[in-house]
file run_8.cif (mmCIF, N, CA and C atoms)
data_protein
loop_
_atom_site.label_atom_id
_atom_site.label_comp_id
_atom_site.auth_asym_id
_atom_site.auth_seq_id
_atom_site.Cartn_x
_atom_site.Cartn_y
_atom_site.Cartn_z
N MET I 52 -58.92 69.80 -89.13
CA MET I 52 -60.15 70.44 -89.54
C MET I 52 -60.85 69.53 -90.56
N SER I 53 -62.11 69.30 -90.37
CA SER I 53 -62.84 68.46 -91.32
C SER I 53 -63.09 69.24 -92.60
N TRP I 54 -63.36 68.52 -93.67
CA TRP I 54 -63.64 69.18 -94.96
C TRP I 54 -64.88 70.05 -94.85
N LEU I 55 -65.84 69.64 -94.04
CA LEU I 55 -67.07 70.42 -93.91
C LEU I 55 -66.81 71.76 -93.24
N LYS I 56 -65.96 71.78 -92.21
CA LYS I 56 -65.62 73.04 -91.56
C LYS I 56 -64.92 73.98 -92.54
N ALA I 57 -64.18 73.40 -93.48
CA ALA I 57 -63.44 74.21 -94.44
C ALA I 57 -64.37 74.99 -95.35
N ILE I 58 -65.60 74.50 -95.55
CA ILE I 58 -66.51 75.17 -96.48
C ILE I 58 -67.68 75.85 -95.79
N ALA I 59 -67.83 75.67 -94.50
CA ALA I 59 -69.02 76.16 -93.80
C ALA I 59 -69.21 77.67 -93.95
N GLY I 60 -68.13 78.42 -94.06
CA GLY I 60 -68.24 79.87 -94.15
C GLY I 60 -68.36 80.38 -95.57
N GLY I 61 -68.48 79.49 -96.54
CA GLY I 61 -68.51 79.89 -97.95
C GLY I 61 -69.85 80.42 -98.37
N VAL I 62 -69.99 80.61 -99.66
CA VAL I 62 -71.20 81.19 -100.23
C VAL I 62 -72.17 80.12 -100.72
N ILE I 63 -71.92 78.90 -100.38
CA ILE I 63 -72.76 77.79 -100.83
C ILE I 63 -74.07 77.77 -100.04
N GLY I 64 -75.16 77.54 -100.74
CA GLY I 64 -76.47 77.52 -100.10
C GLY I 64 -76.72 76.24 -99.33
N ALA I 65 -77.72 76.24 -98.49
CA ALA I 65 -78.02 75.10 -97.63
C ALA I 65 -78.36 73.84 -98.44
N GLU I 66 -79.13 73.98 -99.53
CA GLU I 66 -79.46 72.82 -100.36
C GLU I 66 -78.19 72.16 -100.89
N ALA I 67 -77.33 72.98 -101.47
CA ALA I 67 -76.09 72.45 -102.05
C ALA I 67 -75.19 71.88 -100.97
N LEU I 68 -75.10 72.56 -99.84
CA LEU I 68 -74.25 72.08 -98.75
C LEU I 68 -74.73 70.71 -98.26
N ASN I 69 -76.03 70.55 -98.05
CA ASN I 69 -76.56 69.27 -97.60
C ASN I 69 -76.33 68.18 -98.64
N LEU I 70 -76.53 68.50 -99.89
CA LEU I 70 -76.34 67.55 -100.98
C LEU I 70 -74.89 67.09 -101.05
N ILE I 71 -73.97 68.02 -101.02
CA ILE I 71 -72.56 67.69 -101.13
C ILE I 71 -72.09 66.95 -99.89
N LYS I 72 -72.54 67.38 -98.73
CA LYS I 72 -72.18 66.70 -97.48
C LYS I 72 -72.61 65.24 -97.53
N ASP I 73 -73.84 65.00 -97.95
CA ASP I 73 -74.38 63.65 -98.06
C ASP I 73 -73.57 62.83 -99.07
N TYR I 74 -73.29 63.41 -100.22
CA TYR I 74 -72.52 62.71 -101.26
C TYR I 74 -71.13 62.33 -100.74
N VAL I 75 -70.41 63.29 -100.16
CA VAL I 75 -69.05 63.03 -99.69
C VAL I 75 -69.06 61.97 -98.58
N GLU I 76 -69.99 62.09 -97.66
CA GLU I 76 -70.06 61.11 -96.57
C GLU I 76 -70.35 59.71 -97.09
N LYS I 77 -71.23 59.60 -98.09
CA LYS I 77 -71.57 58.28 -98.64
C LYS I 77 -70.40 57.67 -99.42
N GLN I 78 -69.43 58.49 -99.79
CA GLN I 78 -68.24 57.98 -100.48
C GLN I 78 -67.12 57.65 -99.50
N GLY I 79 -67.38 57.85 -98.22
CA GLY I 79 -66.37 57.58 -97.21
C GLY I 79 -65.39 58.73 -97.02
N GLY I 80 -65.75 59.91 -97.49
CA GLY I 80 -64.90 61.08 -97.34
C GLY I 80 -64.32 61.54 -98.67
N LEU I 81 -63.45 62.53 -98.57
CA LEU I 81 -62.87 63.11 -99.79
C LEU I 81 -62.04 62.11 -100.57
N ASP I 82 -61.35 61.20 -99.87
CA ASP I 82 -60.56 60.17 -100.56
C ASP I 82 -61.45 59.34 -101.48
N GLY I 83 -62.63 58.97 -101.00
CA GLY I 83 -63.56 58.19 -101.80
C GLY I 83 -64.08 58.96 -103.00
N VAL I 84 -64.30 60.25 -102.82
CA VAL I 84 -64.75 61.10 -103.93
C VAL I 84 -63.68 61.13 -105.01
N VAL I 85 -62.43 61.32 -104.59
CA VAL I 85 -61.32 61.36 -105.55
C VAL I 85 -61.25 60.05 -106.32
N LYS I 86 -61.34 58.93 -105.63
CA LYS I 86 -61.28 57.63 -106.30
C LYS I 86 -62.42 57.46 -107.30
N ASN I 87 -63.63 57.90 -106.92
CA ASN I 87 -64.77 57.82 -107.85
C ASN I 87 -64.52 58.62 -109.12
N PHE I 88 -63.99 59.82 -108.96
CA PHE I 88 -63.71 60.65 -110.13
C PHE I 88 -62.61 60.02 -110.98
N GLU I 89 -61.56 59.53 -110.34
CA GLU I 89 -60.48 58.89 -111.09
C GLU I 89 -61.00 57.66 -111.85
N ASN I 90 -61.80 56.85 -111.18
CA ASN I 90 -62.34 55.64 -111.81
C ASN I 90 -63.33 55.95 -112.93
N SER I 91 -63.87 57.16 -112.95
CA SER I 91 -64.84 57.57 -113.97
C SER I 91 -64.18 58.35 -115.11
N GLY I 92 -62.86 58.43 -115.09
CA GLY I 92 -62.14 59.15 -116.14
C GLY I 92 -62.07 60.65 -115.93
N LEU I 93 -62.36 61.12 -114.73
CA LEU I 93 -62.36 62.55 -114.45
C LEU I 93 -61.30 62.93 -113.40
N GLY I 94 -60.24 62.14 -113.37
CA GLY I 94 -59.16 62.41 -112.42
C GLY I 94 -58.50 63.77 -112.65
N LYS I 95 -58.33 64.15 -113.91
CA LYS I 95 -57.71 65.44 -114.22
C LYS I 95 -58.51 66.59 -113.61
N GLN I 96 -59.83 66.49 -113.71
CA GLN I 96 -60.69 67.55 -113.19
C GLN I 96 -60.59 67.64 -111.67
N ILE I 97 -60.73 66.51 -110.99
CA ILE I 97 -60.73 66.58 -109.52
C ILE I 97 -59.36 66.98 -108.99
N HIS I 98 -58.30 66.56 -109.66
CA HIS I 98 -56.97 66.96 -109.19
C HIS I 98 -56.72 68.45 -109.43
N SER I 99 -57.42 69.04 -110.40
CA SER I 99 -57.30 70.50 -110.58
C SER I 99 -57.95 71.23 -109.40
N TRP I 100 -58.98 70.64 -108.81
CA TRP I 100 -59.65 71.27 -107.67
C TRP I 100 -58.79 71.16 -106.42
N ILE I 101 -58.08 70.05 -106.30
CA ILE I 101 -57.21 69.85 -105.14
C ILE I 101 -55.95 70.69 -105.28
N GLY I 102 -55.41 70.77 -106.48
CA GLY I 102 -54.18 71.51 -106.72
C GLY I 102 -54.34 73.00 -106.52
N LEU I 103 -53.26 73.70 -106.70
CA LEU I 103 -53.25 75.13 -106.42
C LEU I 103 -53.60 75.98 -107.64
N GLY I 104 -53.76 75.39 -108.80
CA GLY I 104 -54.08 76.13 -110.02
C GLY I 104 -55.58 76.32 -110.17
N PRO I 105 -55.99 76.74 -111.39
CA PRO I 105 -57.42 76.95 -111.64
C PRO I 105 -58.21 75.64 -111.62
N ASN I 106 -59.46 75.74 -111.24
CA ASN I 106 -60.35 74.57 -111.18
C ASN I 106 -60.98 74.32 -112.53
N GLU I 107 -60.87 73.09 -113.01
CA GLU I 107 -61.56 72.72 -114.24
C GLU I 107 -63.03 72.51 -113.91
N LYS I 108 -63.89 72.89 -114.85
CA LYS I 108 -65.34 72.73 -114.67
C LYS I 108 -65.74 71.31 -115.02
N ILE I 109 -66.89 70.91 -114.49
CA ILE I 109 -67.51 69.65 -114.88
C ILE I 109 -68.96 69.93 -115.24
N SER I 110 -69.53 69.02 -115.99
CA SER I 110 -70.92 69.18 -116.43
C SER I 110 -71.84 68.27 -115.63
N GLU I 111 -73.11 68.47 -115.82
CA GLU I 111 -74.10 67.59 -115.21
C GLU I 111 -73.94 66.17 -115.76
N MET I 112 -73.54 66.05 -117.03
CA MET I 112 -73.31 64.74 -117.62
C MET I 112 -72.12 64.05 -116.93
N ASP I 113 -71.09 64.85 -116.59
CA ASP I 113 -69.95 64.29 -115.85
C ASP I 113 -70.40 63.75 -114.50
N ILE I 114 -71.29 64.48 -113.84
CA ILE I 114 -71.82 64.02 -112.54
C ILE I 114 -72.51 62.67 -112.72
N SER I 115 -73.24 62.51 -113.80
CA SER I 115 -73.93 61.24 -114.07
C SER I 115 -72.95 60.10 -114.29
N LYS I 116 -71.74 60.40 -114.76
CA LYS I 116 -70.71 59.37 -114.94
C LYS I 116 -70.13 58.93 -113.59
N VAL I 117 -70.06 59.87 -112.66
CA VAL I 117 -69.42 59.60 -111.37
C VAL I 117 -70.38 59.02 -110.35
N VAL I 118 -71.59 59.54 -110.31
CA VAL I 118 -72.57 59.14 -109.30
C VAL I 118 -73.66 58.32 -109.98
N ASN I 119 -73.80 57.06 -109.58
CA ASN I 119 -74.83 56.24 -110.23
C ASN I 119 -76.22 56.79 -109.91
N ALA I 120 -77.17 56.46 -110.77
CA ALA I 120 -78.52 57.04 -110.70
C ALA I 120 -79.20 56.79 -109.35
N ASP I 121 -79.06 55.58 -108.80
CA ASP I 121 -79.70 55.29 -107.52
C ASP I 121 -79.14 56.16 -106.40
N LYS I 122 -77.83 56.30 -106.38
CA LYS I 122 -77.20 57.11 -105.34
C LYS I 122 -77.57 58.58 -105.52
N LEU I 123 -77.61 59.02 -106.77
CA LEU I 123 -77.98 60.40 -107.05
C LEU I 123 -79.41 60.68 -106.61
N MET I 124 -80.31 59.75 -106.89
CA MET I 124 -81.70 59.92 -106.45
C MET I 124 -81.79 59.98 -104.93
N GLU I 125 -81.02 59.15 -104.26
CA GLU I 125 -81.04 59.13 -102.79
C GLU I 125 -80.54 60.44 -102.20
N ILE I 126 -79.41 60.94 -102.68
CA ILE I 126 -78.89 62.18 -102.10
C ILE I 126 -79.76 63.38 -102.49
N ALA I 127 -80.37 63.33 -103.68
CA ALA I 127 -81.30 64.40 -104.09
C ALA I 127 -82.51 64.41 -103.16
N ARG I 128 -83.07 63.24 -102.92
CA ARG I 128 -84.23 63.13 -102.03
C ARG I 128 -83.88 63.63 -100.64
N ASN I 129 -82.72 63.24 -100.13
CA ASN I 129 -82.29 63.66 -98.78
C ASN I 129 -82.13 65.18 -98.69
N ALA I 130 -81.74 65.81 -99.81
CA ALA I 130 -81.55 67.27 -99.83
C ALA I 130 -82.84 68.01 -100.19
N GLY I 131 -83.88 67.26 -100.58
CA GLY I 131 -85.16 67.88 -100.92
C GLY I 131 -85.19 68.53 -102.29
N VAL I 132 -84.39 67.99 -103.24
CA VAL I 132 -84.38 68.53 -104.59
C VAL I 132 -84.60 67.40 -105.59
N ASP I 133 -84.94 67.76 -106.84
CA ASP I 133 -85.07 66.71 -107.85
C ASP I 133 -83.69 66.34 -108.39
N ILE I 134 -83.65 65.27 -109.14
CA ILE I 134 -82.36 64.73 -109.59
C ILE I 134 -81.62 65.69 -110.52
N ASP I 135 -82.36 66.41 -111.37
CA ASP I 135 -81.70 67.37 -112.26
C ASP I 135 -81.06 68.52 -111.49
N LYS I 136 -81.77 69.00 -110.47
CA LYS I 136 -81.20 70.07 -109.65
C LYS I 136 -80.00 69.55 -108.87
N ALA I 137 -80.07 68.29 -108.41
CA ALA I 137 -78.94 67.70 -107.68
C ALA I 137 -77.70 67.66 -108.57
N LYS I 138 -77.86 67.22 -109.81
CA LYS I 138 -76.72 67.18 -110.74
C LYS I 138 -76.17 68.58 -110.98
N ALA I 139 -77.07 69.55 -111.15
CA ALA I 139 -76.64 70.93 -111.40
C ALA I 139 -75.88 71.49 -110.20
N LEU I 140 -76.39 71.25 -108.99
CA LEU I 140 -75.73 71.75 -107.78
C LEU I 140 -74.36 71.10 -107.59
N LEU I 141 -74.28 69.79 -107.80
CA LEU I 141 -72.99 69.11 -107.68
C LEU I 141 -71.99 69.63 -108.71
N ALA I 142 -72.43 69.79 -109.95
CA ALA I 142 -71.53 70.29 -110.99
C ALA I 142 -71.06 71.71 -110.69
N GLN I 143 -71.93 72.51 -110.13
CA GLN I 143 -71.58 73.90 -109.85
C GLN I 143 -70.70 74.04 -108.61
N TYR I 144 -71.05 73.34 -107.54
CA TYR I 144 -70.39 73.60 -106.26
C TYR I 144 -69.33 72.60 -105.84
N LEU I 145 -69.35 71.38 -106.36
CA LEU I 145 -68.36 70.41 -105.91
C LEU I 145 -66.92 70.87 -106.18
N PRO I 146 -66.63 71.45 -107.35
CA PRO I 146 -65.26 71.94 -107.54
C PRO I 146 -64.84 72.97 -106.49
N GLU I 147 -65.74 73.87 -106.15
CA GLU I 147 -65.45 74.91 -105.16
C GLU I 147 -65.25 74.30 -103.77
N VAL I 148 -66.10 73.35 -103.42
CA VAL I 148 -66.02 72.71 -102.11
C VAL I 148 -64.69 71.96 -101.97
N ILE I 149 -64.34 71.17 -102.97
CA ILE I 149 -63.08 70.41 -102.91
C ILE I 149 -61.91 71.38 -102.86
N ASP I 150 -61.97 72.45 -103.64
CA ASP I 150 -60.91 73.45 -103.64
C ASP I 150 -60.74 74.08 -102.26
N LYS I 151 -61.85 74.47 -101.63
CA LYS I 151 -61.77 75.10 -100.30
C LYS I 151 -61.33 74.12 -99.22
N ALA I 152 -61.65 72.84 -99.40
CA ALA I 152 -61.28 71.83 -98.41
C ALA I 152 -59.81 71.41 -98.55
N THR I 153 -59.16 71.86 -99.62
CA THR I 153 -57.76 71.48 -99.86
C THR I 153 -56.91 72.72 -100.13
N PRO I 154 -56.86 73.67 -99.20
CA PRO I 154 -56.18 74.94 -99.46
C PRO I 154 -54.67 74.81 -99.69
N GLU I 155 -54.09 73.73 -99.22
CA GLU I 155 -52.64 73.54 -99.39
C GLU I 155 -52.32 72.67 -100.60
N GLY I 156 -53.34 72.34 -101.39
CA GLY I 156 -53.11 71.55 -102.59
C GLY I 156 -53.00 70.06 -102.33
N LYS I 157 -53.50 69.62 -101.19
CA LYS I 157 -53.51 68.18 -100.90
C LYS I 157 -54.71 67.86 -100.02
N LEU I 158 -55.11 66.58 -100.07
CA LEU I 158 -56.26 66.16 -99.26
C LEU I 158 -55.92 66.24 -97.79
N PRO I 159 -56.88 66.67 -96.97
CA PRO I 159 -56.66 66.66 -95.52
C PRO I 159 -56.66 65.22 -95.01
N PRO I 160 -56.05 64.97 -93.85
CA PRO I 160 -56.13 63.61 -93.31
C PRO I 160 -57.58 63.26 -93.02
N PRO I 161 -57.94 61.99 -93.15
CA PRO I 161 -59.32 61.59 -92.86
C PRO I 161 -59.71 61.97 -91.44
N ASP I 162 -60.99 62.33 -91.26
CA ASP I 162 -61.49 62.63 -89.92
C ASP I 162 -61.42 61.37 -89.08
N LYS I 163 -61.03 61.56 -87.84
CA LYS I 163 -60.98 60.42 -86.92
C LYS I 163 -62.34 60.29 -86.25
N PRO I 164 -62.82 59.05 -86.09
CA PRO I 164 -64.11 58.88 -85.41
C PRO I 164 -64.04 59.38 -83.98
N ALA I 165 -65.15 59.91 -83.51
CA ALA I 165 -65.18 60.46 -82.15
C ALA I 165 -65.18 59.36 -81.11
#

call {"tool": "encode", "arguments": {"input": "run_8.cif", "output": "structure tokens"}}
result
Amino acid sequence: MSWLKAIAGGVIGAEALNLIKDYVEKQGGLDGVVKNFENSGLGKQIHSWIGLGPNEKISEMDISKVVNADKLMEIARNAGVDIDKAKALLAQYLPEVIDKATPEGKLPPPDKPA
């Protein structure tokens, strides 16, 4: 099951879903997202989302540490939102999306190309 299928039935809105889908895909999948967070000093937070315990929150400032400004502007534009709303949506929904995509407390295997 792809990570996107894992969250499709959730309460996330279309704007946030498109934004997060674009972000995750541009990172090469969930593995790339995890590496970005780890490299930005936020490994503890992302591993809380993958693990079975409570999810640690992140701020819009944390999103700015993980996603460079150019990439953030690109995914915001693709989702039809401004950069501040993109940061807010990522900070709000990314923990939930990663949590739902990892129900067993581990990353799913990468999707195989069709």

call {"tool": "resolve_selection", "arguments": {"input": "run_8.cif", "expression": "the PyMOL selection byres ((chain I and resi 132-144) around 6.5)", "output": "list in words"}}
result
Ala67, Ile109, Ser110, Glu111, Ile114, Leu123, Met124, Ala127, Arg128, Asn129, Ala130, Gly131, Leu145, Pro146, Glu147, Val148 and Ile149 of chain I

call {"tool": "write_last_selection", "arguments": {"input": "run_8.cif", "atoms": "N, CA and C atoms", "output": "PDB file, keeping the file's coordinate frame"}}
result
ATOM      1  N   ALA I  67     -77.330  72.980-101.470  1.00  0.00           N
ATOM      2  CA  ALA I  67     -76.090  72.450-102.050  1.00  0.00           C
ATOM      3  C   ALA I  67     -75.190  71.880-100.970  1.00  0.00           C
ATOM      4  N   ILE I 109     -66.890  70.910-114.490  1.00  0.00           N
ATOM      5  CA  ILE I 109     -67.510  69.650-114.880  1.00  0.00           C
ATOM      6  C   ILE I 109     -68.960  69.930-115.240  1.00  0.00           C
ATOM      7  N   SER I 110     -69.530  69.020-115.990  1.00  0.00           N
ATOM      8  CA  SER I 110     -70.920  69.180-116.430  1.00  0.00           C
ATOM      9  C   SER I 110     -71.840  68.270-115.630  1.00  0.00           C
ATOM     10  N   GLU I 111     -73.110  68.470-115.820  1.00  0.00           N
ATOM     11  CA  GLU I 111     -74.100  67.590-115.210  1.00  0.00           C
ATOM     12  C   GLU I 111     -73.940  66.170-115.760  1.00  0.00           C
ATOM     13  N   ILE I 114     -71.290  64.480-113.840  1.00  0.00           N
ATOM     14  CA  ILE I 114     -71.820  64.020-112.540  1.00  0.00           C
ATOM     15  C   ILE I 114     -72.510  62.670-112.720  1.00  0.00           C
ATOM     16  N   LEU I 123     -77.610  59.020-106.770  1.00  0.00           N
ATOM     17  CA  LEU I 123     -77.980  60.400-107.050  1.00  0.00           C
ATOM     18  C   LEU I 123     -79.410  60.680-106.610  1.00  0.00           C
ATOM     19  N   MET I 124     -80.310  59.750-106.890  1.00  0.00           N
ATOM     20  CA  MET I 124     -81.700  59.920-106.450  1.00  0.00           C
ATOM     21  C   MET I 124     -81.790  59.980-104.930  1.00  0.00           C
ATOM     22  N   ALA I 127     -80.370  63.330-103.680  1.00  0.00           N
ATOM     23  CA  ALA I 127     -81.300  64.400-104.090  1.00  0.00           C
ATOM     24  C   ALA I 127     -82.510  64.410-103.160  1.00  0.00           C
ATOM     25  N   ARG I 128     -83.070  63.240-102.920  1.00  0.00           N
ATOM     26  CA  ARG I 128     -84.230  63.130-102.030  1.00  0.00           C
ATOM     27  C   ARG I 128     -83.880  63.630-100.640  1.00  0.00           C
ATOM     28  N   ASN I 129     -82.720  63.240-100.130  1.00  0.00           N
ATOM     29  CA  ASN I 129     -82.290  63.660 -98.780  1.00  0.00           C
ATOM     30  C   ASN I 129     -82.130  65.180 -98.690  1.00  0.00           C
ATOM     31  N   ALA I 130     -81.740  65.810 -99.810  1.00  0.00           N
ATOM     32  CA  ALA I 130     -81.550  67.270 -99.830  1.00  0.00           C
ATOM     33  C   ALA I 130     -82.840  68.010-100.190  1.00  0.00           C
ATOM     34  N   GLY I 131     -83.880  67.260-100.580  1.00  0.00           N
ATOM     35  CA  GLY I 131     -85.160  67.880-100.920  1.00  0.00           C
ATOM     36  C   GLY I 131     -85.190  68.530-102.290  1.00  0.00           C
ATOM     37  N   LEU I 145     -69.350  71.380-106.360  1.00  0.00           N
ATOM     38  CA  LEU I 145     -68.360  70.410-105.910  1.00  0.00           C
ATOM     39  C   LEU I 145     -66.920  70.870-106.180  1.00  0.00           C
ATOM     40  N   PRO I 146     -66.630  71.450-107.350  1.00  0.00           N
ATOM     41  CA  PRO I 146     -65.260  71.940-107.540  1.00  0.00           C
ATOM     42  C   PRO I 146     -64.840  72.970-106.490  1.00  0.00           C
ATOM     43  N   GLU I 147     -65.740  73.870-106.150  1.00  0.00           N
ATOM     44  CA  GLU I 147     -65.450  74.910-105.160  1.00  0.00           C
ATOM     45  C   GLU I 147     -65.250  74.300-103.770  1.00  0.00           C
ATOM     46  N   VAL I 148     -66.100  73.350-103.420  1.00  0.00           N
ATOM     47  CA  VAL I 148     -66.020  72.710-102.110  1.00  0.00           C
ATOM     48  C   VAL I 148     -64.690  71.960-101.970  1.00  0.00           C
ATOM     49  N   ILE I 149     -64.340  71.170-102.970  1.00  0.00           N
ATOM     50  CA  ILE I 149     -63.080  70.410-102.910  1.00  0.00           C
ATOM     51  C   ILE I 149     -61.910  71.380-102.860  1.00  0.00           C
TER      52      ILE I 149
END

call {"tool": "atom_distance", "arguments": {"input": "run_8.cif", "atom1": "CA of Ile101 (chain I)", "atom2": "CA of Leu158 (chain I)"}}
result
7.0 Å

call {"tool": "closest_residue", "arguments": {"input": "run_8.cif", "among": "I:Ala152, I:Glu76, I:Met112, I:Val117", "to": "Gly94 (chain I)", "atoms": "only C-alpha atoms"}}
result
I:Val117

call {"tool": "select_by_dssp", "arguments": {"input": "run_8.cif", "residues": "chain I", "states": "helix (DSSP H, G or I)", "output": "number ranges by chain"}}
result
I: 54-58, 65-77, 81-90, 94-101, 111-117, 120-130, 134-152

call {"tool": "axis_aligned_box", "arguments": {"input": "run_8.cif", "around": "region 114-128 of chain I", "padding_each_side": "5 Å", "output": "lines of an AutoDock Vina configuration file"}}
result
center_x = -76.8
center_y = 59.9
center_z = -107.8
size_x = 24.8
size_y = 19.2
size_z = 24.3

call {"tool": "resolve_selection", "arguments": {"input": "run_8.cif", "expression": "the PyMOL selection byres (((chain I and resi 118 and name CA) around 10) and name CA)", "output": "list in words"}}
result
Tyr74, Gln78, Val84, Asn87, Phe88, Ser91, Asp113, Ile114, Ser115, Lys116, Val117, Asn119, Ala120, Asp121, Lys122, Leu123, Met124 and Lys138 of chain I

call {"tool": "closest_residue", "arguments": {"input": "run_8.cif", "among": "I:Glu89, I:Asp150, I:Asp73, I:Glu125", "to": "Gly102 (chain I)", "atoms": "all atoms listed in the file"}}
result
I:Asp150

call {"tool": "atom_distance", "arguments": {"input": "run_8.cif", "atom1": "atom C of Lys77 (chain I)", "atom2": "atom N of Pro159 (chain I)"}}
result
16.4 Å

call {"tool": "atom_distance", "arguments": {"input": "run_8.cif", "atom1": "CA of Pro154 (chain I)", "atom2": "CA of Leu81 (chain I)"}}
result
13.6 Å

call {"tool": "decode", "arguments": {"input": "run_8.cif", "residues": "region 69-84 of chain I", "atoms": "N, CA, C and O atoms", "output": "mmCIF file, in the first residue's frame"}}
result
data_model
loop_
_atom_site.group_PDB
_atom_site.id
_atom_site.type_symbol
_atom_site.label_atom_id
_atom_site.label_comp_id
_atom_site.auth_asym_id
_atom_site.auth_seq_id
_atom_site.Cartn_x
_atom_site.Cartn_y
_atom_site.Cartn_z
ATOM 1 N N ASN I 69 -2.673 17.759 -1.363
ATOM 2 C CA ASN I 69 -1.864 18.047 -2.549
ATOM 3 C C ASN I 69 -0.485 18.567 -2.169
ATOM 4 O O ASN I 69 0.520 18.190 -2.765
ATOM 5 N N LEU I 70 -0.433 19.423 -1.186
ATOM 6 C CA LEU I 70 0.825 19.995 -0.723
ATOM 7 C C LEU I 70 1.748 18.913 -0.176
ATOM 8 O O LEU I 70 2.922 18.823 -0.551
ATOM 9 N N ILE I 71 1.222 18.075 0.680
ATOM 10 C CA ILE I 71 2.034 17.027 1.296
ATOM 11 C C ILE I 71 2.434 15.986 0.265
ATOM 12 O O ILE I 71 3.576 15.526 0.248
ATOM 13 N N LYS I 72 1.521 15.634 -0.623
ATOM 14 C CA LYS I 72 1.840 14.671 -1.688
ATOM 15 C C LYS I 72 3.002 15.191 -2.528
ATOM 16 O O LYS I 72 3.969 14.471 -2.785
ATOM 17 N N ASP I 73 2.936 16.447 -2.925
ATOM 18 C CA ASP I 73 3.986 17.062 -3.734
ATOM 19 C C ASP I 73 5.306 17.081 -2.968
ATOM 20 O O ASP I 73 6.359 16.727 -3.499
ATOM 21 N N TYR I 74 5.266 17.473 -1.698
ATOM 22 C CA TYR I 74 6.479 17.521 -0.878
ATOM 23 C C TYR I 74 7.119 16.137 -0.762
ATOM 24 O O TYR I 74 8.309 15.970 -0.996
ATOM 25 N N VAL I 75 6.324 15.135 -0.403
ATOM 26 C CA VAL I 75 6.860 13.780 -0.211
ATOM 27 C C VAL I 75 7.429 13.239 -1.520
ATOM 28 O O VAL I 75 8.524 12.671 -1.547
ATOM 29 N N GLU I 76 6.711 13.436 -2.607
ATOM 30 C CA GLU I 76 7.195 12.947 -3.903
ATOM 31 C C GLU I 76 8.501 13.614 -4.302
ATOM 32 O O GLU I 76 9.402 12.970 -4.831
ATOM 33 N N LYS I 77 8.634 14.912 -4.037
ATOM 34 C CA LYS I 77 9.858 15.638 -4.399
ATOM 35 C C LYS I 77 11.052 15.204 -3.533
ATOM 36 O O LYS I 77 12.193 15.454 -3.886
ATOM 37 N N GLN I 78 10.777 14.562 -2.405
ATOM 38 C CA GLN I 78 11.848 14.050 -1.546
ATOM 39 C C GLN I 78 12.199 12.609 -1.889
ATOM 40 O O GLN I 78 13.056 12.009 -1.258
ATOM 41 N N GLY I 79 11.516 12.049 -2.868
ATOM 42 C CA GLY I 79 11.764 10.666 -3.248
ATOM 43 C C GLY I 79 11.015 9.667 -2.388
ATOM 44 O O GLY I 79 11.354 8.491 -2.344
ATOM 45 N N GLY I 80 10.009 10.125 -1.669
ATOM 46 C CA GLY I 80 9.211 9.240 -0.824
ATOM 47 C C GLY I 80 9.439 9.505 0.651
ATOM 48 O O GLY I 80 10.150 10.433 1.043
ATOM 49 N N LEU I 81 8.825 8.661 1.461
ATOM 50 C CA LEU I 81 8.904 8.854 2.909
ATOM 51 C C LEU I 81 10.325 8.731 3.437
ATOM 52 O O LEU I 81 10.701 9.427 4.385
ATOM 53 N N ASP I 82 11.129 7.849 2.830
ATOM 54 C CA ASP I 82 12.527 7.718 3.260
ATOM 55 C C ASP I 82 13.264 9.045 3.125
ATOM 56 O O ASP I 82 14.028 9.435 4.012
ATOM 57 N N GLY I 83 13.037 9.747 2.030
ATOM 58 C CA GLY I 83 13.673 11.041 1.807
ATOM 59 C C GLY I 83 13.208 12.083 2.798
ATOM 60 O O GLY I 83 13.993 12.921 3.261
ATOM 61 N N VAL I 84 11.930 12.042 3.150
ATOM 62 C CA VAL I 84 11.393 12.980 4.144
ATOM 63 C C VAL I 84 12.077 12.743 5.488
ATOM 64 O O VAL I 84 12.515 13.684 6.155
#
